[in-house]
Amino acid sequence: MSTIAQASVPPARASGARARLQNWLPRLVLAPSFAAILVFVYGFILFTVYLSFTDSTILPRYGLVGWANYERLWRLPNWWIALENLAIFGALYIGICVVIGLFLAILLDQKIRGEGVLRPIYLYPMALSFIVTGTAWKWFLDPGIGLEQVMHHWGWTSFHFTWIKDTEMAIYCVVIAAVWQSSGFVMAMFLAGLRGIDNEILRAAQIDGASTFQIYRRIVIPQLRPAFLSAFVVLAHLAIKSYDLVVALTNAGPGRATELPATFMYSYTFARNSMGVGAASAVIMLMMIASVIVPYVYAEIRGGGNER
Amino acid sequence: MFRRFATALAASAGLVALATGAASAQDSGQSVEVLHWWTAGSEAAALNVLKQNLEKEGVTWKDMPVAGGAGTEAMTVLRARVTSGNAPTAVQLLGFDVTDWAKQGVLANLDPVAEEEKWGEVIPEALQSFAKYDGHWIAAPVNIHSTNWIWINKAAFDKAGGKQPTNWDEFIALLDKMKEQGITPLAYGGQAWQDTTVFENVVLSTGGPDFYKKAILDLDSEALGSDTMKTVFERMTQLRGYVDDNFSGRDWNLATAKVIDGSAGLQIMGDWAKGEFRNADKKAGEDFVCFRFPGTQGDVTFNSDMFAMFDQKSNVEAQRKLASAIEDPSFQIAFNKVKGSVPARTDIPADEFDPCGQKGMKDVKEASANGTLMGSLAHGYAAPAGVKNAFFDVVTAEFNGQYDASEAVEQLVNAVEGAK
Amino acid sequence: MSAEAGTTGARQSRLSRALLYALLIVFAVYYLLPLFVMLVNSVKPLSEIRGGNMLALPHEFTTAPWKSAWNEAQIGVSATGLAPYFINSILMVVPAVAISLIVGALNGYVLTKWRFPGANVVFSLLLLSCFIPFQIVLIPMARILGIIGLAGSISGLVLVHVVYGIGFTTLFFRNYYEAFPTELIRAAQIDGAGFWRIFTRILLPSSGPIVVVTIIWQFTNIWNDFLFGASFSGFDSMPMTVALNNLVSSSTGVKEYNVHFAGAIIAALPTLVVYIVSGRYFVRGLMAGAVKG
């Protein structure tokens, strides 16, 4: 590993005090960030954990109520709907984004003319806020004014696409729009991974008579492991945090059919004046996020230290 | 590269300093910062009248509009502002939110203005129970919306006989006739608050004002679990049959648009719907007709926008000027004509309002006198936020076919009990 | 890399190329569709939107919605359009991106080239902080901004965005600098270069790609942020997204969809420009930093 601060001898010209400063400087540079994160992230997380044991309603209050908020949370049908939806949404969203992202990256990597035009087209959805893009999607998916009606206009009158109005299917509409937003970004990550692969290995494989498919399956995709991992982490945390997308598209409806933990938490904390229950759901969300991220961070630290 | 960043950084830091400096220079003199969610179109323009009136009094208006979720976003912002110790001067609040904030002890006392201007005599008592807390005035009501209205396309209405239905059966007969015309009888937007607006109308119509008070205002479990409530849900299901397939998630104004263009017959909606008709150049009595939801004539379920003042020692004078300007009759007329609502005070002449507005004012006065001016559930005037949303959950789920009527009654009792 | 399957006949190759392009174009249509819907409907009169086909080209072309969204539409009590809020957003985004860039670069530098015991712990904590759901920090953050006197100001917003950007910017730079040859730095050190000199003379000049990635990432996130912008701004510091939301989400007002779409595109223009201009470097930067190869 590239540890030089400890290994290196301070230059002879420097005085003792300067050398000591030089030694402490890195820590001093990092200190403000570290302090900020300790307070603004970990401090606030502890505060939220604390709130989840209080009787807070409209503003934080400090009367302790034990596990009451958690008991209420797990009794609420909305919370179970939110968790179930997160499972469906998370699995499909991550899966489809990875498949489309990888597929597009491989296609774009075939020495395409016009890559410079296509790539920003695939990427730009990430740049848009969902406040209004959500409306565009909502229209498009709405049978009365959207795709279905357009198809009828064009003469295909038996065409039916009413998912967004359907309690069972509406969550899949959220997936469609979410995939639209993030899959281009995943494509960019895979493309970066593909461009980083050594051409020599591939040429050697080609000479050995391997087919394109085999080359991808045996050589290319295994080498993309880091890209898969990064994509998974980014997508998983986006899935758990998904909020404005749902609000713009369905506002958690029809009924509460597209409720997700993030919308649940916001709604209980800020709209229903049950800050305690909201905090309890936030704590559960944090635990879910941690269960995905902590192993990744661990791998990042361990792996990062040994590779080079 | 580094130097370029440093320059950019210094430049922008300078700009920020300039901007904040400029802002603080304006701070001299009296000012009010107002948080509200009338953020766009004609209602925002109508509020501008208030701003101009205040400026004539030498009070600067600092506008803090936050839209979204019928005030939900604004409430989030309010919490952040109060927590940071930087509360706005005045905030648009509805119903139980006023009470909830008053309980936190952060609202200012408006008694001096209210007593001087005799608010107690002109503002209906039903509103006072929200605008006052612990015997003190804490909010200035701007208007009274009522939610038990039906807005009907005149041409479709005439074709269907043109007779105003006065009870449920006549209402269903009217809807049937509209169905025969080949239009969607009921223009409907499937959002929780819209479902509940229709629901509260059906409750009031089915059970009458006493039942409404018991079930919705007092949250009496027996009333909530009663057979009357089961009938209410059955009637909701019945209404579901007169709605087009694409109702869910539709904004209320798109539903209104269907009544305006004649593709739907009528809509059950609060009187803000009138603004849509007016914007499409439609006239009350000629292009559309308004009447009370069948079986609710004489009763009014209301929703009133109020401005509550936050306790700010240094700004008492400006706050009182604002409160006084809100209750000023000329502002009440100017604003409510645009907004579609009726004035919050009952002593204002009706002659400048359109037929629907005049009827609204008469109905409110009558209902207030009879004690049947009751808070709207859908808009937070019947129950606190937690309970209101529990109603939303059940009503919406039932209307979307997730429960049948008897399951819905059972769920309703449980949900309300759990949220109390 | 490009793995074109050898010499299997020009005809088959041409066919598969055509299929390839067809696929790419189908995807391009999928991605462009919502933008198309917004664009087409932003130049139609409202009556045509209410009655007509969402995908149809306008019968009657009008730029009035764009003008209205830019400087005529009613936002709150004043009919200013989005224009004034644009400036607020710029005043917020530029310093926030610049500061978080510098912080990220320095952190990445320290964490790879000046490692000290416990550096891994610090980095793990920074990295974990990327994933916190922002809704939970609203209330405590508001309290702290109030205490330090930055509530309702652009400086407060800059602080918030810098703090919650530290995790990602540090991650990007750390991964990028880790691949940077340590020998160069050691050589410079022997020549007597200190901490700052090595940073400004050796590392920064070659940080182009990762700077682009960081700028894109931070710019997009900060520009599009609504939650912090709404909660921590004052009447004179509201960013663009809050104004846009005020324009489009007013609950009982009349909805002018054409103006909404025009406003949305105006609000998105800066991020779109950043993506298009620097898109080429984006993949290169990701290659070098965010996706560790």
# chains A, B, ... in the order shown; residues from 1 in each chain; ligands from 1
>>> residues_around(residues="stretch 213-218 of chain C", least_positions_apart="6", cutoff="9 Å", atoms="only C-alpha atoms", output="number ranges by chain")
A: 127; C: 93, 96-98, 100-101, 104, 161, 165, 168-169, 172-173, 271, 274-275, 278-279, 281-286, 289-290
>>> closest_atom_pairs(of="chain B", to="chain C", cutoff="6 Å", atoms="only C-alpha atoms", output="Markdown table")
| residue | atom | partner | partner_atom | distance |
| --- | --- | --- | --- | --- |
| B:Leu9 | CA | C:Pro95 | CA | 5.7 |
| B:Ser12 | CA | C:Pro95 | CA | 5.9 |
| B:Thr39 | CA | C:Gly76 | CA | 4.2 |
| B:Ala40 | CA | C:Gln74 | CA | 5.1 |
| B:Gly41 | CA | C:Gln74 | CA | 5.5 |
| B:Ala44 | CA | C:Val77 | CA | 5.0 |
| B:Ala45 | CA | C:Val77 | CA | 5.7 |
| B:Asn48 | CA | C:Val77 | CA | 4.9 |
| B:Asp63 | CA | C:Phe235 | CA | 5.6 |
| B:Met64 | CA | C:Phe235 | CA | 4.8 |
| B:Pro65 | CA | C:Gly76 | CA | 5.2 |
| B:Val66 | CA | C:Asn246 | CA | 5.8 |
| B:Ala67 | CA | C:Asn246 | CA | 4.6 |
| B:Gly68 | CA | C:Ser249 | CA | 5.0 |
| B:Ala70 | CA | C:Ser251 | CA | 5.3 |
| B:Val77 | CA | C:Ser231 | CA | 4.5 |
| B:Ala80 | CA | C:Ala142 | CA | 5.3 |
| B:Thr83 | CA | C:Arg143 | CA | 5.2 |
| B:Ser84 | CA | C:Gly146 | CA | 4.0 |
| B:Gly85 | CA | C:Gly146 | CA | 5.7 |
>>> select_by_dssp(residues="stretch 246-362 of chain B", states="strand (DSSP E or B)", output="NGL selection string")
:B and (248 or 264-268 or 284 or 288-292 or 300-303 or 305-310 or 342-343)
>>> write_last_selection(atoms="C-alpha atoms", output="PDB file, in the first residue's frame")
ATOM      1  CA  SER B 248     -57.081   7.051 -10.288  1.00  0.00           C
ATOM      2  CA  ALA B 264     -68.443  14.258 -18.077  1.00  0.00           C
ATOM      3  CA  GLY B 265     -71.622  15.383 -16.410  1.00  0.00           C
ATOM      4  CA  LEU B 266     -70.808  16.571 -12.924  1.00  0.00           C
ATOM      5  CA  GLN B 267     -68.163  16.753 -10.271  1.00  0.00           C
ATOM      6  CA  ILE B 268     -68.359  16.652  -6.474  1.00  0.00           C
ATOM      7  CA  ALA B 284     -72.313  30.275 -13.475  1.00  0.00           C
ATOM      8  CA  PHE B 288     -72.550  25.370 -15.499  1.00  0.00           C
ATOM      9  CA  VAL B 289     -74.792  25.076 -12.487  1.00  0.00           C
ATOM     10  CA  CYS B 290     -73.880  24.630  -8.860  1.00  0.00           C
ATOM     11  CA  PHE B 291     -75.968  23.131  -6.108  1.00  0.00           C
ATOM     12  CA  ARG B 292     -75.412  21.462  -2.775  1.00  0.00           C
ATOM     13  CA  VAL B 300     -72.013  23.169   5.058  1.00  0.00           C
ATOM     14  CA  THR B 301     -68.765  21.252   5.434  1.00  0.00           C
ATOM     15  CA  PHE B 302     -66.105  23.905   5.446  1.00  0.00           C
ATOM     16  CA  ASN B 303     -62.434  24.359   4.884  1.00  0.00           C
ATOM     17  CA  ASP B 305     -57.540  29.072   5.067  1.00  0.00           C
ATOM     18  CA  MET B 306     -56.083  30.813   8.073  1.00  0.00           C
ATOM     19  CA  PHE B 307     -52.951  32.772   8.725  1.00  0.00           C
ATOM     20  CA  ALA B 308     -51.431  32.024  12.095  1.00  0.00           C
ATOM     21  CA  MET B 309     -48.806  34.376  13.464  1.00  0.00           C
ATOM     22  CA  PHE B 310     -45.681  33.113  15.136  1.00  0.00           C
ATOM     23  CA  VAL B 342     -66.796  33.061   0.478  1.00  0.00           C
ATOM     24  CA  PRO B 343     -65.549  35.650   2.988  1.00  0.00           C
TER      25      PRO B 343
END
>>> interface_residues(of="chain B", to="chain A", cutoff="6 Å", atoms="only C-alpha atoms", output="ChimeraX atom specification")
/B:72,76,246,248,385-386,396-397
>>> residues_around(residues="B:Val364", least_positions_apart="2", cutoff="10 Å", atoms="only C-alpha atoms", output="VMD selection string")
chain B and resid 124 144 to 146 298 to 302 342 to 344 346 358 to 362 366 to 370 372 to 373
>>> write_last_selection(atoms="N, CA and C atoms", output="short mmCIF file (atom, residue, chain, number, x, y, z; two decimals), in the first residue's frame")
data_model
loop_
_atom_site.label_atom_id
_atom_site.label_comp_id
_atom_site.auth_asym_id
_atom_site.auth_seq_id
_atom_site.Cartn_x
_atom_site.Cartn_y
_atom_site.Cartn_z
N PRO B 124 -67.84 33.16 11.95
CA PRO B 124 -68.67 32.05 12.45
C PRO B 124 -67.97 31.28 13.57
N ILE B 144 -63.87 31.02 3.62
CA ILE B 144 -64.56 29.76 3.91
C ILE B 144 -64.84 29.05 2.58
N HIS B 145 -64.20 27.93 2.40
CA HIS B 145 -64.54 27.05 1.28
C HIS B 145 -65.58 26.08 1.78
N SER B 146 -66.54 25.72 0.94
CA SER B 146 -67.33 24.58 1.36
C SER B 146 -67.15 23.45 0.38
N GLY B 298 -78.59 23.19 3.49
CA GLY B 298 -78.74 23.66 4.87
C GLY B 298 -77.52 23.35 5.72
N ASP B 299 -76.73 22.36 5.31
CA ASP B 299 -75.48 22.06 6.03
C ASP B 299 -74.31 22.50 5.15
N VAL B 300 -73.22 22.84 5.80
CA VAL B 300 -72.01 23.17 5.06
C VAL B 300 -70.82 22.49 5.72
N THR B 301 -70.05 21.73 4.93
CA THR B 301 -68.76 21.25 5.43
C THR B 301 -67.72 22.23 4.93
N PHE B 302 -66.98 22.81 5.84
CA PHE B 302 -66.11 23.90 5.45
C PHE B 302 -64.63 23.57 5.55
N VAL B 342 -66.02 31.93 -0.01
CA VAL B 342 -66.80 33.06 0.48
C VAL B 342 -66.02 33.68 1.64
N PRO B 343 -66.31 34.97 1.94
CA PRO B 343 -65.55 35.65 2.99
C PRO B 343 -65.66 34.94 4.34
N ALA B 344 -64.61 35.11 5.14
CA ALA B 344 -64.60 34.46 6.45
C ALA B 344 -65.51 35.19 7.42
N THR B 346 -69.20 37.15 8.12
CA THR B 346 -70.55 37.01 7.56
C THR B 346 -71.23 38.36 7.33
N GLN B 358 -72.95 33.89 -4.11
CA GLN B 358 -74.03 34.43 -3.29
C GLN B 358 -74.75 33.33 -2.53
N LYS B 359 -75.00 32.23 -3.26
CA LYS B 359 -75.64 31.09 -2.60
C LYS B 359 -74.75 30.57 -1.48
N GLY B 360 -73.45 30.50 -1.76
CA GLY B 360 -72.51 30.03 -0.76
C GLY B 360 -72.56 30.88 0.50
N MET B 361 -72.60 32.18 0.31
CA MET B 361 -72.60 33.07 1.48
C MET B 361 -73.88 32.88 2.30
N LYS B 362 -74.99 32.74 1.58
CA LYS B 362 -76.27 32.55 2.27
C LYS B 362 -76.25 31.23 3.05
N GLU B 366 -76.59 30.58 7.11
CA GLU B 366 -77.68 29.74 7.62
C GLU B 366 -77.12 28.58 8.45
N ALA B 367 -76.14 27.91 7.88
CA ALA B 367 -75.58 26.76 8.57
C ALA B 367 -74.95 27.17 9.89
N SER B 368 -74.29 28.32 9.86
CA SER B 368 -73.65 28.80 11.08
C SER B 368 -74.69 29.05 12.17
N ALA B 369 -75.82 29.63 11.76
CA ALA B 369 -76.88 29.90 12.72
C ALA B 369 -77.48 28.61 13.27
N ASN B 370 -77.58 27.58 12.42
CA ASN B 370 -78.20 26.32 12.84
C ASN B 370 -77.22 25.36 13.51
N THR B 372 -74.87 23.83 11.90
CA THR B 372 -74.50 22.74 10.98
C THR B 372 -73.39 23.17 10.04
N LEU B 373 -72.61 24.15 10.46
CA LEU B 373 -71.38 24.49 9.74
C LEU B 373 -70.29 23.64 10.36
#
>>> select_by_dssp(residues="stretch 257-320 of chain B", states="alpha helix (DSSP H)", output="PDB file with N, CA and C atoms, in the first residue's frame")
ATOM      1  N   ALA B 257     -62.077  19.780 -15.848  1.00  0.00           N
ATOM      2  CA  ALA B 257     -61.991  20.034 -17.289  1.00  0.00           C
ATOM      3  C   ALA B 257     -62.940  19.128 -18.059  1.00  0.00           C
ATOM      4  N   LYS B 258     -63.150  17.932 -17.561  1.00  0.00           N
ATOM      5  CA  LYS B 258     -64.073  17.010 -18.248  1.00  0.00           C
ATOM      6  C   LYS B 258     -65.514  17.507 -18.151  1.00  0.00           C
ATOM      7  N   VAL B 259     -65.851  18.137 -17.035  1.00  0.00           N
ATOM      8  CA  VAL B 259     -67.189  18.720 -16.923  1.00  0.00           C
ATOM      9  C   VAL B 259     -67.302  19.925 -17.851  1.00  0.00           C
ATOM     10  N   ILE B 260     -66.236  20.715 -17.910  1.00  0.00           N
ATOM     11  CA  ILE B 260     -66.255  21.914 -18.750  1.00  0.00           C
ATOM     12  C   ILE B 260     -66.447  21.539 -20.219  1.00  0.00           C
ATOM     13  N   ALA B 273     -63.262  24.792  -7.431  1.00  0.00           N
ATOM     14  CA  ALA B 273     -63.475  24.324  -8.806  1.00  0.00           C
ATOM     15  C   ALA B 273     -63.991  25.461  -9.689  1.00  0.00           C
ATOM     16  N   LYS B 274     -64.665  26.424  -9.073  1.00  0.00           N
ATOM     17  CA  LYS B 274     -65.230  27.537  -9.833  1.00  0.00           C
ATOM     18  C   LYS B 274     -64.143  28.286 -10.605  1.00  0.00           C
ATOM     19  N   GLY B 275     -62.954  28.369 -10.000  1.00  0.00           N
ATOM     20  CA  GLY B 275     -61.853  29.052 -10.662  1.00  0.00           C
ATOM     21  C   GLY B 275     -61.543  28.450 -12.026  1.00  0.00           C
ATOM     22  N   GLU B 276     -61.639  27.113 -12.118  1.00  0.00           N
ATOM     23  CA  GLU B 276     -61.381  26.439 -13.392  1.00  0.00           C
ATOM     24  C   GLU B 276     -62.420  26.833 -14.434  1.00  0.00           C
ATOM     25  N   PHE B 277     -63.697  26.867 -14.011  1.00  0.00           N
ATOM     26  CA  PHE B 277     -64.756  27.256 -14.944  1.00  0.00           C
ATOM     27  C   PHE B 277     -64.508  28.685 -15.433  1.00  0.00           C
ATOM     28  N   ARG B 278     -64.159  29.548 -14.473  1.00  0.00           N
ATOM     29  CA  ARG B 278     -63.960  30.936 -14.854  1.00  0.00           C
ATOM     30  C   ARG B 278     -62.794  31.067 -15.813  1.00  0.00           C
ATOM     31  N   ASN B 279     -61.735  30.313 -15.570  1.00  0.00           N
ATOM     32  CA  ASN B 279     -60.586  30.384 -16.460  1.00  0.00           C
ATOM     33  C   ASN B 279     -60.907  29.909 -17.854  1.00  0.00           C
ATOM     34  N   VAL B 316     -44.442  42.675  16.628  1.00  0.00           N
ATOM     35  CA  VAL B 316     -45.852  42.643  16.987  1.00  0.00           C
ATOM     36  C   VAL B 316     -46.681  43.602  16.147  1.00  0.00           C
ATOM     37  N   GLU B 317     -46.144  44.786  15.979  1.00  0.00           N
ATOM     38  CA  GLU B 317     -46.864  45.828  15.252  1.00  0.00           C
ATOM     39  C   GLU B 317     -47.217  45.372  13.831  1.00  0.00           C
ATOM     40  N   ALA B 318     -46.210  44.859  13.114  1.00  0.00           N
ATOM     41  CA  ALA B 318     -46.425  44.440  11.732  1.00  0.00           C
ATOM     42  C   ALA B 318     -47.397  43.270  11.666  1.00  0.00           C
ATOM     43  N   GLN B 319     -47.281  42.364  12.641  1.00  0.00           N
ATOM     44  CA  GLN B 319     -48.186  41.220  12.654  1.00  0.00           C
ATOM     45  C   GLN B 319     -49.626  41.665  12.795  1.00  0.00           C
ATOM     46  N   ARG B 320     -49.844  42.639  13.662  1.00  0.00           N
ATOM     47  CA  ARG B 320     -51.216  43.097  13.868  1.00  0.00           C
ATOM     48  C   ARG B 320     -51.747  43.797  12.639  1.00  0.00           C
TER      49      ARG B 320
END
>>> closest_residue(among="A:Leu30, A:Met169, A:Ala17, A:Ile94", to="chain C", atoms="only C-alpha atoms")
A:Leu30
>>> closest_residue(among="B:Thr228, B:Thr89, B:Thr147, B:Gln30", to="B:Gln312", atoms="only C-alpha atoms")
B:Thr89
